[in-house]
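Reproduced below: model_33.cif, with mmCIF, C-alpha atoms.
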```cif
data_query
loop_
_atom_site.label_atom_id
_atom_site.label_comp_id
_atom_site.auth_asym_id
_atom_site.auth_seq_id
_atom_site.Cartn_x
_atom_site.Cartn_y
_atom_site.Cartn_z
CA MET C 1254 -78.90 -53.88 -52.87
CA ALA C 1255 -76.57 -50.95 -52.15
CA ALA C 1256 -76.18 -49.76 -48.58
CA THR C 1257 -78.07 -46.58 -47.73
CA LYS C 1258 -75.98 -43.72 -46.43
CA THR C 1259 -77.18 -40.80 -44.37
CA ILE C 1260 -76.06 -37.20 -44.46
CA ALA C 1261 -74.35 -37.76 -41.08
CA GLN C 1262 -72.02 -40.28 -42.77
CA LYS C 1263 -70.86 -37.76 -45.38
CA VAL C 1264 -67.20 -36.92 -44.78
CA ILE C 1265 -66.20 -33.32 -45.37
CA ARG C 1266 -62.47 -33.43 -45.93
CA LYS C 1267 -60.35 -30.46 -44.88
CA TYR C 1268 -56.57 -30.49 -44.89
CA ALA C 1269 -53.95 -28.90 -42.69
CA LEU C 1270 -51.16 -27.69 -44.97
CA THR C 1271 -47.48 -27.68 -43.97
CA TRP C 1272 -44.59 -26.61 -46.21
CA ASP C 1273 -40.98 -27.05 -45.11
CA GLY C 1274 -42.22 -27.80 -41.58
CA ALA C 1275 -44.14 -24.51 -41.31
CA THR C 1276 -47.89 -24.63 -40.83
CA LEU C 1277 -49.32 -21.98 -43.12
CA GLY C 1278 -52.02 -20.72 -40.76
CA TRP C 1279 -55.71 -20.95 -41.61
CA VAL C 1280 -56.09 -22.76 -44.91
CA GLN C 1281 -59.23 -23.23 -46.96
CA ASP C 1282 -60.09 -24.80 -50.29
CA VAL C 1283 -57.10 -27.16 -50.37
CA ASP C 1284 -57.43 -28.90 -53.72
CA PRO C 1285 -54.99 -31.70 -54.60
CA SER C 1286 -57.11 -32.82 -57.56
CA GLY C 1287 -55.00 -30.79 -60.01
CA LEU C 1288 -52.17 -33.33 -59.79
CA LYS C 1289 -52.25 -36.08 -62.36
CA ILE C 1290 -49.96 -38.54 -64.04
CA LYS C 1291 -48.27 -37.21 -67.19
CA THR C 1292 -48.12 -39.68 -70.06
CA VAL C 1293 -46.87 -39.84 -73.64
CA GLU C 1294 -48.39 -41.93 -76.39
CA LYS C 1295 -46.58 -45.00 -77.64
CA LYS C 1296 -47.08 -45.71 -81.33
CA ILE C 1297 -45.50 -48.26 -83.63
CA GLY C 1298 -44.56 -46.79 -87.01
CA GLU C 1299 -45.44 -49.89 -89.01
CA ILE C 1300 -49.09 -49.80 -87.95
CA GLY C 1301 -49.68 -46.07 -88.39
CA GLU C 1302 -51.30 -43.71 -85.92
CA VAL C 1303 -52.62 -46.46 -83.63
CA ILE C 1304 -51.83 -45.80 -79.95
CA VAL C 1305 -50.68 -49.09 -78.46
CA ASP C 1306 -49.83 -47.81 -74.98
CA HIS C 1307 -49.29 -44.76 -72.79
CA LEU C 1308 -45.99 -44.36 -70.94
CA ILE C 1309 -45.84 -42.56 -67.59
CA VAL C 1310 -43.20 -39.84 -67.67
CA GLY C 1311 -43.99 -37.95 -64.47
CA MET C 1312 -46.62 -35.76 -62.85
CA GLU C 1313 -48.13 -32.47 -63.88
CA GLY C 1314 -50.47 -29.93 -62.38
CA THR C 1315 -50.55 -28.13 -59.05
CA ILE C 1316 -52.08 -28.31 -55.59
CA LYS C 1317 -54.14 -25.19 -54.90
CA ALA C 1318 -55.18 -23.63 -51.61
CA VAL C 1319 -56.15 -20.30 -50.06
CA LEU C 1320 -54.38 -18.90 -47.01
CA GLU C 1321 -57.16 -17.30 -44.99
CA GLN C 1322 -56.58 -14.30 -42.71
CA CYS C 1323 -52.93 -14.58 -43.67
CA LYS C 1324 -50.60 -12.62 -41.42
CA LEU C 1325 -47.28 -11.21 -42.69
CA PRO C 1326 -45.08 -13.86 -40.95
CA VAL C 1327 -47.07 -16.65 -42.66
CA LEU C 1328 -46.77 -14.86 -46.00
CA ARG C 1329 -42.99 -14.76 -45.46
CA GLU C 1330 -42.99 -18.54 -44.84
CA ALA C 1331 -44.83 -19.10 -48.12
CA ILE C 1332 -42.44 -17.01 -50.23
CA PRO C 1333 -39.17 -18.95 -50.49
CA TRP C 1334 -36.86 -15.95 -51.07
CA ALA C 1335 -38.39 -13.71 -48.38
CA ALA C 1336 -36.10 -12.69 -45.52
CA ALA C 1337 -37.21 -12.88 -41.88
CA THR C 1338 -37.60 -9.09 -41.71
CA GLY C 1339 -37.92 -6.09 -43.98
CA SER C 1340 -39.70 -5.73 -47.29
CA ILE C 1341 -40.60 -8.83 -49.31
CA PRO C 1342 -39.30 -8.64 -52.88
CA LEU C 1343 -41.89 -9.59 -55.51
CA VAL C 1344 -39.38 -11.87 -57.25
CA PRO C 1345 -36.02 -13.38 -56.23
CA ALA C 1346 -33.04 -11.03 -56.61
CA THR C 1347 -31.25 -13.52 -58.87
CA GLN C 1348 -32.53 -13.90 -62.41
CA TYR C 1349 -33.15 -17.55 -63.42
CA ASP C 1350 -33.53 -18.57 -59.79
CA SER C 1351 -34.15 -22.33 -59.50
CA CYS C 1352 -37.57 -23.32 -58.21
CA TYR C 1353 -36.30 -26.86 -57.59
CA ALA C 1354 -33.43 -25.59 -55.40
CA ARG C 1355 -36.00 -23.94 -53.10
CA ALA C 1356 -38.58 -26.76 -53.24
CA LYS C 1357 -39.37 -28.42 -49.90
CA ILE C 1358 -41.66 -31.09 -48.47
CA LEU C 1359 -45.37 -30.30 -48.72
CA ASN C 1360 -47.68 -32.20 -46.37
CA LEU C 1361 -51.47 -32.25 -46.59
CA HIS C 1362 -52.93 -33.87 -43.48
CA PRO C 1363 -56.68 -34.55 -43.22
CA GLU C 1364 -57.87 -32.62 -40.16
CA ASP C 1365 -60.31 -35.37 -39.23
CA ALA C 1366 -57.55 -38.03 -39.16
CA GLY C 1367 -55.96 -37.02 -35.84
CA ASP C 1368 -52.51 -38.64 -35.51
CA ASP C 1369 -53.20 -41.16 -38.28
CA LEU C 1370 -50.84 -40.41 -41.19
CA THR C 1371 -52.10 -43.08 -43.60
CA GLU C 1372 -54.17 -40.61 -45.64
CA ASP C 1373 -51.60 -37.79 -45.70
CA ILE C 1374 -50.46 -36.51 -49.08
CA ASN C 1375 -46.70 -35.83 -49.07
CA LEU C 1376 -44.79 -34.25 -51.93
CA LEU C 1377 -41.02 -34.49 -51.45
CA LYS C 1378 -40.27 -31.43 -53.55
CA ALA C 1379 -42.94 -28.74 -53.93
CA TYR C 1380 -42.53 -25.07 -54.73
CA PRO C 1381 -45.12 -22.45 -53.69
CA ILE C 1382 -46.40 -19.76 -56.03
CA VAL C 1383 -48.19 -17.05 -54.05
CA THR C 1384 -50.70 -14.74 -55.72
CA LEU C 1385 -50.57 -11.20 -54.39
CA PRO C 1386 -53.43 -10.62 -51.94
CA LYS C 1387 -56.41 -8.55 -53.10
CA SER C 1388 -57.15 -6.92 -49.77
CA GLY C 1389 -56.12 -6.73 -46.18
CA ALA C 1390 -55.79 -4.58 -43.11
CA GLY C 1391 -52.40 -3.74 -41.66
CA SER C 1392 -50.29 -6.89 -41.54
CA GLU C 1393 -53.23 -9.25 -42.19
CA PHE C 1394 -54.45 -10.14 -45.67
CA ALA C 1395 -57.94 -11.48 -46.36
CA ASN C 1396 -57.35 -14.42 -48.70
CA VAL C 1397 -54.06 -15.31 -50.39
CA PRO C 1398 -54.24 -17.91 -53.19
CA ILE C 1399 -51.27 -20.28 -53.31
CA GLU C 1400 -50.32 -23.11 -55.67
CA PHE C 1401 -47.65 -25.75 -55.18
CA MET C 1402 -45.75 -27.18 -58.16
CA PRO C 1403 -44.39 -30.72 -57.63
CA TYR C 1404 -40.96 -31.91 -58.76
CA PRO C 1405 -39.42 -35.38 -58.71
CA ASP C 1406 -36.71 -35.91 -56.11
CA GLN C 1407 -33.60 -35.44 -58.28
CA ALA C 1408 -31.38 -37.34 -55.83
CA GLN C 1409 -33.45 -40.47 -56.46
CA LEU C 1410 -33.65 -39.81 -60.23
CA VAL C 1411 -29.87 -40.13 -60.60
CA ALA C 1412 -29.43 -42.95 -58.06
CA THR C 1413 -28.81 -46.57 -59.00
CA PRO C 1414 -31.33 -47.97 -59.64
CA ARG C 1415 -33.00 -44.87 -61.06
CA VAL C 1416 -36.27 -44.12 -59.25
CA MET C 1417 -38.82 -41.41 -60.07
CA VAL C 1418 -40.40 -40.25 -56.79
CA TYR C 1419 -42.69 -37.25 -56.40
CA GLY C 1420 -44.24 -38.24 -53.09
CA TYR C 1421 -46.56 -40.58 -51.27
CA ILE C 1422 -50.05 -41.08 -49.89
CA GLY C 1423 -49.24 -42.02 -46.33
CA PRO C 1424 -46.08 -41.37 -44.32
CA ILE C 1425 -42.79 -40.80 -46.12
CA PRO C 1426 -40.81 -44.08 -45.98
CA GLU C 1427 -37.62 -44.01 -43.93
#
```
Target encoding structure tokens, full file:
Amino acid sequence: MAATKTIAQKVIRKYALTWDGATLGWVQDVDPSGLKIKTVEKKIGEIGEVIVDHLIVGMEGTIKAVLEQCKLPVLREAIPWAAATGSIPLVPATQYDSCYARAKILNLHPEDAGDDLTEDINLLKAYPIVTLPKSGAGSEFANVPIEFMPYPDQAQLVATPRVMVYGYIGPIPE
């Protein structure tokens, strides 16, 4: 017989979100479920269109969140090309700017976990895409949607032996 659970035992998971060491203020609706393994089909020509395996080639998707009551300094932190002062350009000044070159560590820490890092989600290289805020007052914006695109750590991709690392559940190994 299955154990009976009560409503009091239901865990409501909220994450604190940190990118490049900067805590991005009040965050709601953090959704890491968009990340998934990317595969390609393996077929053998002699037996036709039969799929005999799937090969993992990386990750795809994004992590989504909403920056709530986002103040201008936090918005600057979330836009990789923004300067510390002055106007924030809508796009980088350089055409064909590399997202990977500006990608940093993204950490999602369960707020109910305290100092325990075993359930953290860490992406070694993540790039934020900020959606322009719909509304705000002065230097505070109501809700700013943000998505993070993951990349494999290129330094480990070209190392010997070649290793494909996007990140970890738990602390980042030393």
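If only C-alpha atoms are the atoms counted, then among C:Ala1331, C:Ile1425, C:Leu1288, C:Cys1352 the closest residue to C:Asp1373 is C:Ile1425.
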Which of C:Pro1381, C:Pro1403, C:Pro1426, C:Pro1363 sits closest to C:Ala1269 [using all atoms listed in the file]: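 Nearest to C:Ala1269: C:Pro1363.
Distances from C:Leu1377, C:Val1283, C:Leu1270, C:Leu1370 to C:Ile1316 were compared using all atoms listed in the file, and the smallest one belongs to C:Val1283.
Taken over the whole file, the PyMOL selection byres ((chain C and resi 1375) around 8) covers exactly Ile1358, Leu1359, Asn1360, Leu1361, Asp1373, Ile1374, Leu1376, Leu1377, Gly1420, Tyr1421, Ile1422, Gly1423, Pro1424 and Ile1425 of chain C.
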*asked:* If I take atom CA of C:Ala1379 and atom CA of C:Ala1395, how far is one from the other in Å, to one decimal?
replied: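 According to the coordinates, atom CA of C:Ala1379 and atom CA of C:Ala1395 are separated by 24.1 Å.
Reported to one decimal place, the separation of atom CA of C:Gly1274 from atom CA of C:Gly1367 is 17.5 Å.
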A straight line from atom CA of C:Ala1337 to atom CA of C:Val1280 spans 21.5 Å
Determine the residue set returned by the PyMOL selection byres ((chain C and resi 1344-1346) around 10) for the present structure, and present it as number ranges by chain. C: 1332-1335, 1341-1343, 1347-1351
* Test item: the PyMOL selection byres ((chain C and resi 1282) around 10) resolved as JSON, numbers by chain -> {"C": [1266, 1267, 1268, 1280, 1281, 1283, 1284, 1285, 1317, 1318, 1319, 1320, 1321, 1398]}
From the list C:Gly1287, C:Gly1298, C:Gly1311, C:Gly1278, the nearest residue to C:Arg1329 using all atoms listed in the file is C:Gly1278
Just checking: using all atoms listed in the file, which residue out of C:Glu1330, C:Glu1427, C:Glu1400, C:Asp1306 ends up closest to C:Tyr1380?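 Checking each candidate against C:Tyr1380, we get C:Glu1400 as the closest.
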Q: Between C:Val1293, C:Ala1354, C:Val1305, C:Leu1385, single out the one closest to C:Leu1328, counting only C-alpha atoms.
A: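 Among the listed residues, the smallest separation from C:Leu1328 belongs to C:Leu1385.
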